[in-house]
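Structure below is target_28.txt: compact mmCIF, C-alpha atoms.
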```txt
# COMPACT_ATOMS: atom_id res chain seq x y z
CA MET A 1 2.90 -58.82 -15.12
CA LYS A 2 3.11 -55.04 -15.05
CA GLU A 3 0.64 -53.17 -17.21
CA GLU A 4 1.18 -49.53 -18.06
CA TYR A 5 -1.13 -47.10 -19.80
CA ARG A 6 -0.33 -43.52 -20.78
CA GLY A 7 -2.00 -41.02 -23.00
CA GLU A 8 -4.61 -38.30 -23.22
CA ALA A 9 -8.37 -38.37 -23.48
CA HIS A 10 -10.66 -35.61 -24.70
CA LEU A 11 -14.41 -35.20 -24.98
CA ALA A 12 -15.97 -33.03 -27.69
CA GLY A 13 -18.19 -31.41 -25.05
CA PRO A 14 -20.73 -32.18 -22.31
CA GLY A 15 -22.78 -35.23 -23.25
CA GLN A 16 -20.69 -35.84 -26.36
CA GLY A 17 -18.21 -38.57 -27.21
CA GLY A 18 -14.50 -38.25 -27.60
CA VAL A 19 -11.27 -40.15 -28.03
CA ALA A 20 -8.49 -41.56 -25.86
CA ASP A 21 -5.07 -41.62 -27.55
CA TYR A 22 -2.53 -43.83 -25.82
CA THR A 23 1.22 -43.35 -26.05
CA VAL A 24 1.69 -46.60 -24.06
CA PRO A 25 0.74 -48.96 -25.57
CA GLU A 26 1.79 -47.03 -28.65
CA GLY A 27 -0.83 -46.33 -31.26
CA ARG A 28 -3.83 -47.52 -29.23
CA LYS A 29 -6.91 -45.34 -29.71
CA ILE A 30 -10.33 -45.75 -28.07
CA GLN A 31 -13.49 -44.00 -29.15
CA LEU A 32 -15.40 -42.68 -26.12
CA PRO A 33 -19.17 -42.98 -26.51
CA PRO A 34 -21.52 -40.00 -26.12
CA GLY A 35 -22.27 -39.30 -22.47
CA THR A 36 -18.92 -40.58 -21.21
CA LEU A 37 -17.76 -38.95 -17.98
CA PHE A 38 -14.29 -38.66 -16.51
CA PRO A 39 -14.03 -39.75 -12.84
CA THR A 40 -14.28 -36.26 -11.32
CA ALA A 41 -17.31 -35.42 -13.47
CA HIS A 42 -18.87 -38.71 -12.35
CA THR A 43 -18.44 -37.71 -8.69
CA VAL A 44 -19.90 -34.24 -9.35
CA THR A 45 -22.87 -35.80 -11.19
CA LEU A 46 -23.40 -38.29 -8.35
CA LEU A 47 -23.37 -35.47 -5.77
CA LYS A 48 -25.96 -33.56 -7.84
CA HIS A 49 -28.16 -36.68 -7.93
CA ILE A 50 -27.87 -37.05 -4.15
CA GLU A 51 -28.74 -33.36 -3.63
CA ALA A 52 -31.82 -33.86 -5.82
CA GLY A 53 -32.92 -36.79 -3.63
CA GLU A 54 -32.11 -39.42 -6.25
CA ASN A 55 -30.46 -42.58 -4.96
CA PHE A 56 -29.41 -44.23 -8.27
CA LEU A 57 -27.10 -43.25 -11.13
CA TRP A 58 -26.00 -45.29 -14.15
CA ALA A 59 -23.11 -43.77 -16.08
CA THR A 60 -20.33 -44.56 -18.51
CA ILE A 61 -16.88 -43.42 -17.43
CA PHE A 62 -13.39 -43.36 -18.87
CA ASP A 63 -10.63 -43.74 -16.30
CA GLY A 64 -7.88 -45.45 -18.32
CA PHE A 65 -7.66 -48.05 -15.55
CA ASP A 66 -7.22 -50.98 -17.90
CA GLU A 67 -6.88 -51.88 -21.58
CA ASP A 68 -10.48 -50.90 -22.35
CA GLY A 69 -10.55 -47.81 -20.12
CA VAL A 70 -14.34 -47.46 -20.43
CA SER A 71 -16.68 -48.84 -17.75
CA ASP A 72 -20.34 -48.62 -16.91
CA ILE A 73 -20.98 -47.78 -13.26
CA SER A 74 -24.05 -48.40 -11.22
CA ALA A 75 -24.12 -46.06 -8.20
CA LEU A 76 -26.59 -46.66 -5.40
CA VAL A 77 -26.92 -44.41 -2.35
CA THR A 78 -27.80 -46.86 0.41
CA LYS A 79 -27.85 -44.67 3.51
CA ASN A 80 -27.83 -40.97 4.41
CA LEU A 81 -25.37 -40.69 7.31
CA GLY A 82 -26.05 -36.99 7.96
CA THR A 83 -23.50 -34.90 9.83
CA GLU A 84 -21.48 -35.51 12.96
CA ALA A 85 -20.89 -31.97 14.22
CA GLY A 86 -20.10 -33.21 17.74
CA ALA A 87 -17.12 -35.33 16.75
CA ALA A 88 -14.18 -33.36 18.15
CA ASP A 89 -11.45 -35.52 16.60
CA ARG A 90 -12.68 -35.06 13.04
CA SER A 91 -12.01 -32.23 10.63
CA PRO A 92 -14.84 -29.71 10.16
CA LEU A 93 -14.50 -30.61 6.47
CA LEU A 94 -15.95 -33.98 7.49
CA SER A 95 -17.94 -33.57 10.68
CA ALA A 96 -20.05 -30.61 9.55
CA VAL A 97 -20.74 -31.91 6.03
CA PRO A 98 -23.48 -34.48 5.35
CA SER A 99 -22.34 -37.84 4.04
CA ASN A 100 -23.84 -40.90 2.43
CA ARG A 101 -23.01 -44.56 2.13
CA VAL A 102 -22.61 -45.26 -1.60
CA HIS A 103 -22.21 -48.58 -3.40
CA LEU A 104 -20.54 -48.58 -6.84
CA ALA A 105 -20.54 -51.55 -9.22
CA PHE A 106 -18.19 -51.44 -12.23
CA PHE A 107 -19.17 -53.32 -15.40
CA LYS A 108 -17.42 -53.80 -18.74
CA HIS A 109 -18.93 -51.23 -21.09
CA ASN A 110 -21.86 -52.60 -23.12
CA ASP A 111 -20.99 -56.15 -22.04
CA GLY A 112 -24.51 -57.05 -20.91
CA SER A 113 -23.15 -58.90 -17.89
CA THR A 114 -25.13 -58.82 -14.66
CA GLU A 115 -21.98 -59.47 -12.63
CA PRO A 116 -19.71 -56.48 -11.97
CA GLU A 117 -15.96 -56.69 -12.51
CA HIS A 118 -15.45 -55.08 -9.12
CA GLU A 119 -17.37 -53.09 -6.53
CA GLN A 120 -16.70 -50.25 -4.13
CA GLN A 121 -18.43 -49.18 -0.95
CA LEU A 122 -17.65 -45.70 0.27
CA ARG A 123 -18.61 -42.94 2.64
CA LEU A 124 -18.96 -39.90 0.40
CA HIS A 125 -19.31 -36.43 1.91
CA MET A 126 -21.32 -33.83 0.01
CA ASN A 127 -18.14 -31.78 -0.52
CA GLY A 128 -16.71 -34.69 -2.56
CA ILE A 129 -14.39 -36.08 0.12
CA VAL A 130 -14.33 -39.87 0.41
CA GLU A 131 -13.73 -40.70 4.07
CA SER A 132 -13.62 -44.48 3.74
CA ILE A 133 -13.64 -46.99 0.90
CA VAL A 134 -13.69 -50.74 0.42
CA LEU A 135 -12.58 -52.06 -2.98
CA ASP A 136 -14.07 -55.51 -3.56
CA PHE A 137 -12.36 -57.51 -6.32
CA GLY A 138 -14.14 -60.77 -5.48
CA ASP A 139 -11.08 -62.76 -4.42
CA PHE A 140 -9.82 -60.02 -2.12
CA ASN A 141 -10.80 -56.66 -0.64
CA VAL A 142 -8.80 -53.51 -0.01
CA GLU A 143 -9.94 -51.10 2.69
CA GLY A 144 -8.93 -47.46 2.87
CA LYS A 145 -9.64 -44.83 5.51
CA LEU A 146 -8.81 -41.16 5.38
CA LYS A 147 -6.00 -40.57 7.84
CA GLU A 148 -5.47 -36.81 7.63
CA LEU A 149 -7.29 -33.91 6.05
CA LYS A 150 -5.99 -30.37 5.78
CA PRO A 151 -7.84 -27.48 4.16
CA LEU A 152 -6.10 -25.81 1.22
CA LYS A 153 -5.15 -22.17 1.48
CA PRO A 154 -7.12 -19.92 -0.88
CA PRO A 155 -5.19 -18.97 -4.02
CA CYS A 156 -3.67 -15.49 -4.20
```

Using the file provided, produce a representation of the structure as structure tokens.
Amino acid sequence: MKEEYRGEAHLAGPGQGGVADYTVPEGRKIQLPPGTLFPTAHTVTLLKHIEAGENFLWATIFDGFDEDGVSDISALVTKNLGTEAGAADRSPLLSAVPSNRVHLAFFKHNDGSTEPEHEQQLRLHMNGIVESIVLDFGDFNVEGKLKELKPLKPPC
């Protein structure tokens, strides 16, 4: 069964709630609770927590991944991997930037369940690049590794 979701989501401002309006399925609208983050903002917030020496973050995100779209995420930094400046075969965007092993657990929003819907383990560099990831859905896992990384040219 193919599921498709399309639409737009907006927050009223930092720390405030918002709304997600779907065009597919037509007419579906979800209220986003105060404090909801979009995925990029979640990563930025997690990086700020790591920089501050904090190894745990609980947050509510909206990613539109499924019918509900809103999830609660537990993020735990399990290991500081440092830098690997001597690795000649790696991009300087990876080898010279500290990284951490991070474990993410995704829960249905306000469900109260102690069992996550799925989990992710990743190597997250402090510049926001995810070098490797394992998606754990319980019955199966998907592993991803960064194959190539090229720096972007500065804008004109």

ask   = Do you know which residues are at most 10 Å from Ile61 in chain A counting only C-alpha atoms, after dropping those on the same chain fewer than 6 positions away, and could you put them as a PyMOL selection string?
value = chain A and resi 32-33+35-42+69-73+106+109

Using all atoms listed in the file, I'd like a table of the residues in range 76-125 of chain A that come within 12 Å of range 135-150 of chain A; for each, show the closest atom pair and its distance in Å rounded to one decimal, ordered by chain and ascending number, as a tab-separated table.
```
residue	atom	partner	partner_atom	distance
A:Asp89	CA	A:Glu148	CA	10.9
A:Arg90	CA	A:Leu149	CA	8.9
A:Ser91	CA	A:Leu149	CA	6.8
A:Pro92	CA	A:Leu149	CA	9.6
A:Leu93	CA	A:Leu149	CA	7.9
A:Leu94	CA	A:Leu149	CA	8.8
A:Ser95	CA	A:Leu149	CA	11.6
A:His103	CA	A:Leu135	CA	10.2
A:Leu104	CA	A:Leu135	CA	9.5
A:Ala105	CA	A:Asp136	CA	9.5
A:Phe106	CA	A:Phe137	CA	10.3
A:Glu115	CA	A:Gly138	CA	10.7
A:Pro116	CA	A:Phe137	CA	9.3
A:Glu117	CA	A:Phe137	CA	7.2
A:His118	CA	A:Phe137	CA	4.8
A:Glu119	CA	A:Asp136	CA	5.1
A:Gln120	CA	A:Leu135	CA	4.6
A:Gln121	CA	A:Leu135	CA	6.8
A:Leu122	CA	A:Leu135	CA	8.8
A:Arg123	CA	A:Lys145	CA	9.6
A:Leu124	CA	A:Leu146	CA	11.4
```

task = Compare A:Glu8, A:Phe107, A:Ser99, A:Glu26 by their minimum atom-to-atom distance to Ser74 in chain A, counting only C-alpha atoms, and give me the closest one.
result =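 Nearest to Ser74 in chain A: A:Phe107.
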
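Rounded to one decimal, CA of Gln16 in chain A and CA of Ile30 in chain A lie 14.4 Å from each other.
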
task = Name the closest residue to Tyr22 in chain A among the candidates A:Phe56, A:Glu67, A:Val97, A:Asn110; distances are taken between atoms, counting all atoms listed in the file.
result =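 Of all the options, A:Glu67 lies closest to Tyr22 in chain A.
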
note = Atom pair CA of Thr60 in chain A + CA of Ile129 in chain A, distance 21.3 Å

Do a neighbour search on Val77 in chain A at 8 Å with all atoms listed in the file, toss out local chain neighbours closer than 4 positions, and write the hits as a PDB file with C-alpha atoms, in the frame of the given file.
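Listed below is the output, result.pdb:
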```pdb
ATOM      1  CA  ILE A  50     -27.870 -37.050  -4.150  1.00  0.00           C
ATOM      2  CA  ASN A  55     -30.460 -42.580  -4.960  1.00  0.00           C
ATOM      3  CA  PHE A  56     -29.410 -44.230  -8.270  1.00  0.00           C
ATOM      4  CA  ASN A 100     -23.840 -40.900   2.430  1.00  0.00           C
ATOM      5  CA  ARG A 101     -23.010 -44.560   2.130  1.00  0.00           C
ATOM      6  CA  VAL A 102     -22.610 -45.260  -1.600  1.00  0.00           C
ATOM      7  CA  HIS A 103     -22.210 -48.580  -3.400  1.00  0.00           C
TER       8      HIS A 103
END
```

Separation of CA of Ala59 in chain A from CA of Ala96 in chain A, in Å and rounded to one decimal =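 Answer for the CA of Ala59 in chain A to CA of Ala96 in chain A separation: 29.0 Å.
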
task = Check the smallest atom-to-atom distance from each of A:Lys48, A:Gly64, A:Thr43, A:Gly53 to Tyr5 in chain A using all atoms listed in the file, then report the winner.
result = A:Gly64

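Proximity to His49 in chain A was assessed for A:Ala75, A:Ile133, A:Ala12, A:Cys156 counting all atoms listed in the file; the smallest distance is recorded for A:Ala75.
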
task = Would you please work out which residue, of A:Gln31, A:Pro154, A:His125, A:Lys2, is nearest to Gly17 in chain A when using only C-alpha atoms?
result =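 That would be A:Gln31, the residue with the smallest distance to Gly17 in chain A.
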
query = Which is closer to Thr83 in chain A than all the others in A:Met126, A:Val134, A:Asp111, A:Phe65, using all atoms listed in the file?
reply = A:Met126
